[in-house]
Amino acid sequence: MKSSEILTLKGMTVVSVQACQLSQSTQPGLWDSVLELTKSAQERNSDPLLWAVQLSSILNSAGTSLPSPELAHLLVSHICWANNVPITWKFLEKAVSGRIAPPMLVLALLSSRVIPNRRLYPAAYRLYMELLKRHTFSFTSEINGPNYQKIMKSIDDVLHLSQIFGLQVCEPGALVVEFIFSIVWQLLDASLDDEGLLELAPEKKSKWPTRSQDMDIDGQDSFNEKRTDRQEGLCKVNTVMAIEIIGDFFQNKVTSKILYLARRNMFSHWGSFIQRLRVLAANSTALRNSKHISPDALLQLTSDARIVLTRECKTSLQKQFHAVVASGSLISSAGQCHGVSWSALWLPIDMFLEDTMDDSQVVATSAVETLTGLVKALQAVNGTSWHNTFLGVWIAALRLVQRERDPSEGPVPRLDTCLCMLLSITPLAIVNIIEEEESTLIDEAGRSPTNQRKEKQISVKHRKDLISSLQLLGDYEGLLTVPQSLSLVANQAVAKAMMFVSGVTSGSGYLDCMSMNDLPMNCSGNMRHLIVEACIARNLLDTSAYLWPGYVNGRSNQLPRSVPGPMPGWSSLMKGSPLTPPMINVLVSTPASSLAEIEKIYEIAVNGSDDEKISAAAILCGASLVRGWNIQEHTVFFITKLLSPPVPADYSGTDSHLIGYAPFLNVLLVGISSVDCVQIYSLHGLVPQLAGALMPICEVFGSCAPKVSCTLTTGEEISSHQVFSNAFNLLLRLWRFNHPPLEHVMGGDIPPVGSQLTPEYLLLVRNSQLANSGNTTKGPFKYRRPSRISSPSPEPIFMDSFPKLKLWYRQHQACIASALSGLVHGTPVHQVVDAVLNMMFRKMGRGGQPLTPTASGSSNSSGSGPEDASLRLKLPAWDILEAIPFVLDAALTACAHGRLSPRELATGLKDLSDFLPASLATIASYFSAEVTRGIWKPAFMNGTDWPSPAANLSMVEQQIKKVLAATGVDVPSLAAVGSSPATLPLPLAALVSLTITYKLDRATERLLTVVGPALNSLAAGCPWPCMPIIASLWAQKVKRWADYLIFSASRTVFHHKSDAVVQLLKSCFTSTLGLNSSPVSSNGGVGALLGHGFGSHYSGGMSPVAPGILYLRVHRDVRDVMFMTEVVLSLLMQSVRDIASCGLPKERLEKLKKTKYGMRYGQVSLAAAMTRVKLAASLGASIVWISGGLTLVQSLIKETLPSWFISVHGSEHEGTESEEMAAMLGGYALAYFAVLCGTFAWGVDLMSPASKRRPKVLGAHLEFLANALDGKISLGCVWGTWRAYVPALVTLMVGCTPAWIPEVDVEVLKRVSKGLRQWNEEELAIALLGLGGIHAMGAAAEVIVERG
């Protein structure tokens, strides 16, 4: 049964219900007396005031609490309809105005009786609406009255609000919202019904009875033909009046806010209401005839874009601050005067992008996911448009590329990784943002036909913002300069646009055949052309972008009409040409331009002949992987899938089917092993899946004897050891296996952030990703893959599936944790150890000097010869790896006791790594562990026994000082080293001696990417000057790496001086804010923080490295990362004090106050100060988030900030004007700091997985606020800081992160709201409760009504 039918049937018995309520009164005779008094006064036509006085006297004498719900029932029952005469309505109005009867209940009773009968009794309907206009907009006395709950319960019983709206909350305040909403809705449905428009509404049945189903034939005026015209006229006037009252409800200060609560918390009902309102606005004649409101005005009043809950500030100083906060971005001309540019808003993005370039650790999550959340957070907190947001993202990504435009050489991610971030990751993040925003807005708009146009407008709007940002990007010419290696690609992009503009069609093969010499002078492309191509490829733009003003300067007739004969390339492949050697070479060196092309290669890799498969694998791992930005995420997906080939249908062998794929797998493994390729995998979030694909390969090939698996067409032989080593070394690079083991042996230290990356963790993430890939159909983090290609096996895999790998990993951890033990003479492991040692040192000619250790650690002779050792080493790789720690222990012991020379040790280690490259990881980890145990004597790097760094050690020292010149950090002197030979711990000396025996080529680069980071990590943890010594040795070998090596050595200064990290952070703040006099950072901003690259290619040798770059390269090795929150917080507040002192000079301010334009100057200065304060908070939040991630952010909000507020902070100028300003600025800085940290870690909405941890931490912080506001906690901080912090924090949450507020306990919200009201922050208190969800709606409504 419909709700309107229920109400109508129940309305038929309302008189009997009311009579029953009266009869159950404790004083039944009282109401008989009241009724008699009313009838007598009605017969005498008495003065309503006199009647009211007499009535009040009777009720007071009887001890009846006023206003009386029973009286409301009695009077309405008396009027409807036997006594529907003017005098009774006057009595009712006087009872309501005198608060003898509760106005809300009277109106509810009248609504249920009058509206359905408005056609029969138009005059009564008119009087009802007059009562609405007089008494609906002020309920303060009722909410504060003694019968408030009883009255609201009666209203619910009369209108059946709980039943109709279905809310789980029945508290009185929530019923106030439902009551107001119901009154407006009843008026709306009555108006639609009066004009015959209900049939046009999506829901044709009203929730409320709009017509009486019992025709009251005996009712007065029912069939009086003489009054028919008058009645009809009055009905039309009533309809107009009802519509105008609806407008009044949305204009009134109190009811508009209450209706806003209904809009936020009763979304489905509000959607139905708005649909009906739109029908009225589009079709109502009465609305068009109104002189007080128009259809457009009514729609505007009910628009979602209308701001209802706003802030009002009480003090003049607060008004100034809040005006600046409300300005959104806080960027003004004053900010420019202090060197803080508009682009500084996006400093966290710059820092995040630069941090991803650090190869010391890959990450398990996609950079697309992280960047998406970061951009959304900054857009919300900065309050910028999406146009400005997109522009800021592009500028930050371009700055990253420009910092690496002329990179110094070294084994680190460089330009290709930067270009991946700019042209692949950033467009994918923007795709996510646009899709999510469009989806959210479309869901809110609804799916009805009336909203289809709005959906299209939403889609167009966000894409227009992107288009306008890219058009404006052309003005930033300095950022658009193309690196030399990309000139041809950029120029081809321009040529493509020129042909489109001129209407010339040409296949991609035409552009592929062009060279630099073929293109005209004005066909010069820049980075914007590449960005536009990336956006077109991802359907963010269409080819109309080629028509933008200034996008191309030439015309197609300037392009050569003939180019060298058609070369085989991607266009030839798509036309069906076979893979020939010339074509393969072209496809390897030229990236695919479309998904169809890369899918074609994938199909060949799956279904082609063996030779074709190998060629396809090489093509996939070529330019398409590194520079195929438009399809890069598909390329890495295809390669990962190819690493797990399915079992052939006709396979019947006993060995794993993977063995037959050895050449194919080896090509893939070698192809993705470069530093940039691994980093590209990391950026796309496929490291966990890559690990899951590598583990079976390691398990299978590590268990095979090294027989020849296959001979390639080139004549190269591929053995199981080679395949295993390539897979194993690549797998180890996916977690921090090479990190110094101090965290394992020094229990008091906290492991550096990121050390939790383990094989088990990677598999856990991999399983989770694949489990969710089929379920996530919406949101920014959906797993993108070609629709025709199935995903990897969704079956979870665990370390137990790989027993050999698990055994090695346990041994690896055991070697790190404690010294070797357990080798028993004569066991298979001992025999392998013996064979390996003989293989390593077979050229020594020392058969009489044994090296093999026994269980006791002493040496014992062995009868194995070189030939025997060679035969015995035809063993599976896992067996050899198990023996290597014992081999290294024996070799190192022999060297320490003089039985092996350093040169022989290095040569033997080189032979071992050549024999089994997978052994490098064990060599690095074992030597690292031995250094930390401190049991080995030092090695003298004198040039005789060990290589000497003396030739350039002093140069390295000077260059390190130059690198750190901008930070103010002192570099320990190496003078003492110069007077005596430099020393290194013996295991470290052995490791560095091994590394410098390698020749630099593509094959050894794969090995150096394994052992190099381990060497750096180990040297950084050793006493000074170990790292400068190693840098000197390597700089002698590879001079072109000198800049990289010196920079790496300079980073280790921060490992040995705890106060150096603090000084570095201080330098980050002062340089960013432009608070120091250094020429490097005098202008402040991103450029001062991150600089423009580093290296000796700048004039004058090595230039000072920007402090931000230094910090981003050392923060992962900070031992006690938890102290970072306290350091950053202290530096933030010190920066605020500096800003307050130089941003608002007291002397100049006092002087200008006396001038005509003094206030204007003060406002500009305040805006400038707030701009820099926000920049300082943004920098601090970025440092905390990047340094410690979610864990550190939660520690800050839950523990550090409350402790800071409780602690006492002294001030030299307490009470002065500058200190007052500093205190208030400090409060705002802390608010921005906290909110930015939270948005970075949790996100602004529910899309991030980390948002699940938000309610507990955020609730704890707000509970701390509530306790302090209640006086339960004594604060030690300056009162002005606390007074500014709380409103600013709540303001930012209300305006920037409204999705956070419903997650907080309602009682906590109420307490915070109460504290805000005590500070005269009523509007903010209401806004907080208004966003608190359905359970806080009632409290919000009560505050709104009380404030009036």
# chains A, B, ... in the order shown; residues from 1 in each chain; ligands from 1
$ closest_atom_pairs --of "stretch 1216-1258 of chain A" --to "stretch 1277-1294 of chain A" --cutoff "12 Å" --atoms "only C-alpha atoms" --output "tab-separated table"
residue	atom	partner	partner_atom	distance
A:Thr1216	CA	A:Gly1280	CA	12.0
A:Glu1217	CA	A:Gly1280	CA	11.6
A:Ser1218	CA	A:Gly1280	CA	11.9
A:Glu1219	CA	A:Gly1280	CA	9.2
A:Glu1220	CA	A:Gly1280	CA	6.7
A:Met1221	CA	A:Gly1280	CA	8.5
A:Ala1222	CA	A:Thr1281	CA	8.1
A:Ala1223	CA	A:Thr1281	CA	4.5
A:Met1224	CA	A:Thr1281	CA	5.0
A:Leu1225	CA	A:Thr1281	CA	7.4
A:Gly1226	CA	A:Thr1281	CA	5.7
A:Gly1227	CA	A:Tyr1285	CA	4.0
A:Tyr1228	CA	A:Tyr1285	CA	5.5
A:Ala1229	CA	A:Tyr1285	CA	8.0
A:Leu1230	CA	A:Tyr1285	CA	6.5
A:Ala1231	CA	A:Leu1289	CA	4.7
A:Tyr1232	CA	A:Leu1289	CA	7.2
A:Phe1233	CA	A:Leu1289	CA	9.4
A:Ala1234	CA	A:Leu1289	CA	7.9
A:Val1235	CA	A:Leu1289	CA	7.2
A:Leu1236	CA	A:Leu1292	CA	9.6
A:Gly1238	CA	A:Met1293	CA	10.3
A:Thr1239	CA	A:Met1293	CA	10.1
A:Val1244	CA	A:Met1293	CA	9.5
A:Asp1245	CA	A:Met1293	CA	11.6
A:Leu1258	CA	A:Met1293	CA	10.9
$ write_last_selection --atoms "N, CA and C atoms" --output "PDB file, in the first residue's frame"
ATOM      1  N   THR A1216      53.480  40.601  22.405  1.00  0.00           N
ATOM      2  CA  THR A1216      53.679  41.645  21.408  1.00  0.00           C
ATOM      3  C   THR A1216      52.823  41.352  20.184  1.00  0.00           C
ATOM      4  N   GLU A1217      52.713  42.379  19.348  1.00  0.00           N
ATOM      5  CA  GLU A1217      51.879  42.227  18.161  1.00  0.00           C
ATOM      6  C   GLU A1217      52.452  41.170  17.215  1.00  0.00           C
ATOM      7  N   SER A1218      53.785  41.159  17.073  1.00  0.00           N
ATOM      8  CA  SER A1218      54.387  40.174  16.184  1.00  0.00           C
ATOM      9  C   SER A1218      54.190  38.761  16.717  1.00  0.00           C
ATOM     10  N   GLU A1219      54.249  38.609  18.035  1.00  0.00           N
ATOM     11  CA  GLU A1219      54.052  37.284  18.607  1.00  0.00           C
ATOM     12  C   GLU A1219      52.599  36.841  18.463  1.00  0.00           C
ATOM     13  N   GLU A1220      51.680  37.789  18.587  1.00  0.00           N
ATOM     14  CA  GLU A1220      50.270  37.456  18.369  1.00  0.00           C
ATOM     15  C   GLU A1220      50.056  36.990  16.938  1.00  0.00           C
ATOM     16  N   MET A1221      50.688  37.694  16.008  1.00  0.00           N
ATOM     17  CA  MET A1221      50.581  37.287  14.617  1.00  0.00           C
ATOM     18  C   MET A1221      51.225  35.925  14.399  1.00  0.00           C
ATOM     19  N   ALA A1222      52.388  35.704  14.980  1.00  0.00           N
ATOM     20  CA  ALA A1222      53.076  34.425  14.830  1.00  0.00           C
ATOM     21  C   ALA A1222      52.247  33.291  15.418  1.00  0.00           C
ATOM     22  N   ALA A1223      51.601  33.541  16.545  1.00  0.00           N
ATOM     23  CA  ALA A1223      50.783  32.508  17.176  1.00  0.00           C
ATOM     24  C   ALA A1223      49.621  32.110  16.274  1.00  0.00           C
ATOM     25  N   MET A1224      48.956  33.117  15.721  1.00  0.00           N
ATOM     26  CA  MET A1224      47.822  32.809  14.863  1.00  0.00           C
ATOM     27  C   MET A1224      48.277  32.155  13.568  1.00  0.00           C
ATOM     28  N   LEU A1225      49.351  32.661  12.980  1.00  0.00           N
ATOM     29  CA  LEU A1225      49.894  32.018  11.785  1.00  0.00           C
ATOM     30  C   LEU A1225      50.304  30.578  12.078  1.00  0.00           C
ATOM     31  N   GLY A1226      50.855  30.363  13.290  1.00  0.00           N
ATOM     32  CA  GLY A1226      51.251  29.012  13.667  1.00  0.00           C
ATOM     33  C   GLY A1226      50.060  28.069  13.736  1.00  0.00           C
ATOM     34  N   GLY A1227      48.947  28.564  14.250  1.00  0.00           N
ATOM     35  CA  GLY A1227      47.752  27.729  14.300  1.00  0.00           C
ATOM     36  C   GLY A1227      47.278  27.320  12.922  1.00  0.00           C
ATOM     37  N   TYR A1228      47.300  28.276  12.007  1.00  0.00           N
ATOM     38  CA  TYR A1228      46.884  27.951  10.643  1.00  0.00           C
ATOM     39  C   TYR A1228      47.892  27.035   9.962  1.00  0.00           C
ATOM     40  N   ALA A1229      49.161  27.248  10.238  1.00  0.00           N
ATOM     41  CA  ALA A1229      50.177  26.373   9.652  1.00  0.00           C
ATOM     42  C   ALA A1229      49.982  24.931  10.111  1.00  0.00           C
ATOM     43  N   LEU A1230      49.728  24.748  11.396  1.00  0.00           N
ATOM     44  CA  LEU A1230      49.530  23.399  11.924  1.00  0.00           C
ATOM     45  C   LEU A1230      48.275  22.763  11.334  1.00  0.00           C
ATOM     46  N   ALA A1231      47.232  23.556  11.135  1.00  0.00           N
ATOM     47  CA  ALA A1231      46.005  23.014  10.550  1.00  0.00           C
ATOM     48  C   ALA A1231      46.251  22.531   9.130  1.00  0.00           C
ATOM     49  N   TYR A1232      46.901  23.361   8.330  1.00  0.00           N
ATOM     50  CA  TYR A1232      47.230  22.937   6.974  1.00  0.00           C
ATOM     51  C   TYR A1232      48.157  21.724   6.988  1.00  0.00           C
ATOM     52  N   PHE A1233      49.118  21.752   7.875  1.00  0.00           N
ATOM     53  CA  PHE A1233      50.079  20.651   8.001  1.00  0.00           C
ATOM     54  C   PHE A1233      49.356  19.341   8.287  1.00  0.00           C
ATOM     55  N   ALA A1234      48.463  19.355   9.251  1.00  0.00           N
ATOM     56  CA  ALA A1234      47.747  18.137   9.626  1.00  0.00           C
ATOM     57  C   ALA A1234      46.843  17.645   8.503  1.00  0.00           C
ATOM     58  N   VAL A1235      46.088  18.560   7.898  1.00  0.00           N
ATOM     59  CA  VAL A1235      45.147  18.155   6.853  1.00  0.00           C
ATOM     60  C   VAL A1235      45.885  17.669   5.610  1.00  0.00           C
ATOM     61  N   LEU A1236      46.960  18.345   5.229  1.00  0.00           N
ATOM     62  CA  LEU A1236      47.722  17.900   4.068  1.00  0.00           C
ATOM     63  C   LEU A1236      48.334  16.523   4.308  1.00  0.00           C
ATOM     64  N   GLY A1238      47.189  14.233   6.244  1.00  0.00           N
ATOM     65  CA  GLY A1238      46.097  13.270   6.186  1.00  0.00           C
ATOM     66  C   GLY A1238      45.630  12.986   4.771  1.00  0.00           C
ATOM     67  N   THR A1239      45.508  14.027   3.958  1.00  0.00           N
ATOM     68  CA  THR A1239      45.050  13.807   2.582  1.00  0.00           C
ATOM     69  C   THR A1239      46.081  13.041   1.769  1.00  0.00           C
ATOM     70  N   VAL A1244      41.299  12.037   0.037  1.00  0.00           N
ATOM     71  CA  VAL A1244      40.210  12.927   0.448  1.00  0.00           C
ATOM     72  C   VAL A1244      38.871  12.209   0.463  1.00  0.00           C
ATOM     73  N   ASP A1245      38.836  10.985  -0.035  1.00  0.00           N
ATOM     74  CA  ASP A1245      37.566  10.269  -0.130  1.00  0.00           C
ATOM     75  C   ASP A1245      37.777   8.832   0.325  1.00  0.00           C
ATOM     76  N   LEU A1258      41.793   9.736  12.988  1.00  0.00           N
ATOM     77  CA  LEU A1258      41.135  11.040  12.948  1.00  0.00           C
ATOM     78  C   LEU A1258      40.200  11.208  14.143  1.00  0.00           C
TER      79      LEU A1258
END
$ residues_around --residues "A:Arg403" --least-positions-apart "5" --cutoff "10 Å" --atoms "only C-alpha atoms" --output "PyMOL selection string"
chain A and resi 354+398+414-415+418+479+1090-1094
$ write_last_selection --atoms "N, CA and C atoms" --output "short mmCIF file (atom, residue, chain, number, x, y, z; two decimals), in the first residue's frame"
data_model
loop_
_atom_site.label_atom_id
_atom_site.label_comp_id
_atom_site.auth_asym_id
_atom_site.auth_seq_id
_atom_site.Cartn_x
_atom_site.Cartn_y
_atom_site.Cartn_z
N GLU A 354 60.12 13.47 -7.93
CA GLU A 354 61.57 13.34 -7.78
C GLU A 354 61.92 12.14 -6.92
N LEU A 398 56.99 18.32 -16.05
CA LEU A 398 57.97 18.89 -16.96
C LEU A 398 59.23 19.32 -16.22
N ARG A 414 67.25 7.41 -15.20
CA ARG A 414 67.48 8.72 -15.75
C ARG A 414 66.32 9.14 -16.63
N LEU A 415 66.64 9.64 -17.80
CA LEU A 415 65.65 10.32 -18.64
C LEU A 415 64.47 9.44 -18.99
N CYS A 418 62.01 9.41 -16.24
CA CYS A 418 61.33 10.71 -16.15
C CYS A 418 60.27 10.84 -17.23
N LEU A 479 60.10 25.30 -20.04
CA LEU A 479 59.91 23.93 -19.58
C LEU A 479 59.70 22.96 -20.74
N LEU A 1090 64.51 22.01 -5.09
CA LEU A 1090 64.94 20.85 -5.88
C LEU A 1090 65.97 21.19 -6.94
N GLY A 1091 66.22 22.47 -7.18
CA GLY A 1091 67.26 22.84 -8.10
C GLY A 1091 66.95 22.47 -9.53
N HIS A 1092 68.00 22.38 -10.33
CA HIS A 1092 67.86 22.12 -11.76
C HIS A 1092 68.84 21.05 -12.20
N GLY A 1093 69.04 20.04 -11.37
CA GLY A 1093 69.99 18.99 -11.68
C GLY A 1093 71.32 19.24 -10.98
N PHE A 1094 72.26 18.34 -11.18
CA PHE A 1094 73.57 18.52 -10.56
C PHE A 1094 74.63 17.92 -11.48
#
$ residues_around --residues "stretch 43-48 of chain A" --least-positions-apart "3" --cutoff "6 Å" --atoms "only C-alpha atoms" --output "mmCIF file with C-alpha atoms, in the first residue's frame"
data_model
loop_
_atom_site.group_PDB
_atom_site.id
_atom_site.type_symbol
_atom_site.label_atom_id
_atom_site.label_comp_id
_atom_site.auth_asym_id
_atom_site.auth_seq_id
_atom_site.Cartn_x
_atom_site.Cartn_y
_atom_site.Cartn_z
ATOM 1 C CA SER A 40 -18.751 29.508 24.577
ATOM 2 C CA TRP A 51 -9.991 33.636 25.288
ATOM 3 C CA PHE A 91 -8.405 31.274 18.529
#
$ residues_around --residues "A:Ala242" --least-positions-apart "2" --cutoff "8 Å" --atoms "only C-alpha atoms" --output "list in words"
Met129, Leu187, Leu188, Ser191, Asn238, Thr239, Val240, Glu244, Ile245 and Ile246 of chain A
$ write_last_selection --atoms "N, CA and C atoms" --output "compact mmCIF listing (two decimals), in the first residue's frame"
# COMPACT_ATOMS: atom_id res chain seq x y z
N MET A 129 -1.68 28.29 5.30
CA MET A 129 -0.43 28.81 4.75
C MET A 129 -0.02 30.10 5.44
N LEU A 187 3.55 20.83 0.16
CA LEU A 187 3.18 22.00 -0.61
C LEU A 187 3.50 21.81 -2.09
N LEU A 188 4.66 21.19 -2.38
CA LEU A 188 5.05 20.97 -3.76
C LEU A 188 4.08 20.01 -4.45
N SER A 191 0.76 21.62 -5.08
CA SER A 191 0.81 22.56 -6.19
C SER A 191 0.82 21.83 -7.53
N ASN A 238 -4.15 30.34 -4.10
CA ASN A 238 -3.50 29.49 -3.11
C ASN A 238 -2.31 28.74 -3.71
N THR A 239 -2.47 28.29 -4.93
CA THR A 239 -1.38 27.56 -5.58
C THR A 239 -0.16 28.46 -5.73
N VAL A 240 -0.39 29.69 -6.16
CA VAL A 240 0.72 30.64 -6.28
C VAL A 240 1.36 30.87 -4.92
N GLU A 244 5.22 30.16 -3.61
CA GLU A 244 6.05 31.22 -3.03
C GLU A 244 6.54 30.85 -1.64
N ILE A 245 5.71 30.13 -0.88
CA ILE A 245 6.16 29.68 0.44
C ILE A 245 7.28 28.66 0.31
N ILE A 246 7.22 27.80 -0.72
CA ILE A 246 8.34 26.89 -0.97
C ILE A 246 9.62 27.68 -1.16
$ residues_around --residues "A:Met241" --least-positions-apart "2" --cutoff "12 Å" --atoms "only C-alpha atoms" --output "PyMOL selection string"
chain A and resi 122+125-130+132-133+187-188+190-191+234-239+243-248+286-287+289-293
$ atom_distance --atom1 "atom CA of A:Ser408" --atom2 "atom CA of A:Gly943"
28.4 Å
$ closest_residue --among "A:Lys1252, A:Lys207, A:Lys257, A:Lys910" --to "A:Leu1007" --atoms "only C-alpha atoms"
A:Lys910
$ closest_residue --among "A:Glu438, A:Glu904, A:Glu533, A:Asp889" --to "A:Tyr926" --atoms "only C-alpha atoms"
A:Asp889
$ residues_around --residues "stretch 1123-1127 of chain A" --least-positions-apart "3" --cutoff "9 Å" --atoms "only C-alpha atoms" --output "PyMOL selection string"
chain A and resi 1062+1065+1120+1130-1132+1180+1183-1184+1187-1188+1192-1193+1195-1196+1200-1201+1204
$ residues_around --residues "A:Gly1330" --least-positions-apart "2" --cutoff "10 Å" --atoms "only C-alpha atoms" --output "ChimeraX atom specification"
/A:257-258,260-262,264-265,309,1294,1298,1301-1302,1324-1328,1332-1341,1343-1344
$ atom_distance --atom1 "atom CA of A:Gly1012" --atom2 "atom CA of A:Arg1051"
15.4 Å
$ atom_distance --atom1 "atom CA of A:Cys420" --atom2 "atom CA of A:Ala596"
20.2 Å
$ select_by_dssp --residues "stretch 612-774 of chain A" --states "strand (DSSP E)" --output "list in words"
Val708, Ser709, Cys710, Thr711, Glu717, Ile718 and Ser719 of chain A
$ select_by_dssp --residues "stretch 808-1017 of chain A" --states "helix (DSSP H, G or I)" --output "ChimeraX atom specification"
/A:808-817,828-840,866-872,877-896,902-915,919-933,953-963,975-979,986-995,1002-1017
$ closest_residue --among "A:Ile884, A:Ala82, A:Ala819, A:Met351" --to "A:Leu1110" --atoms "only C-alpha atoms"
A:Met351
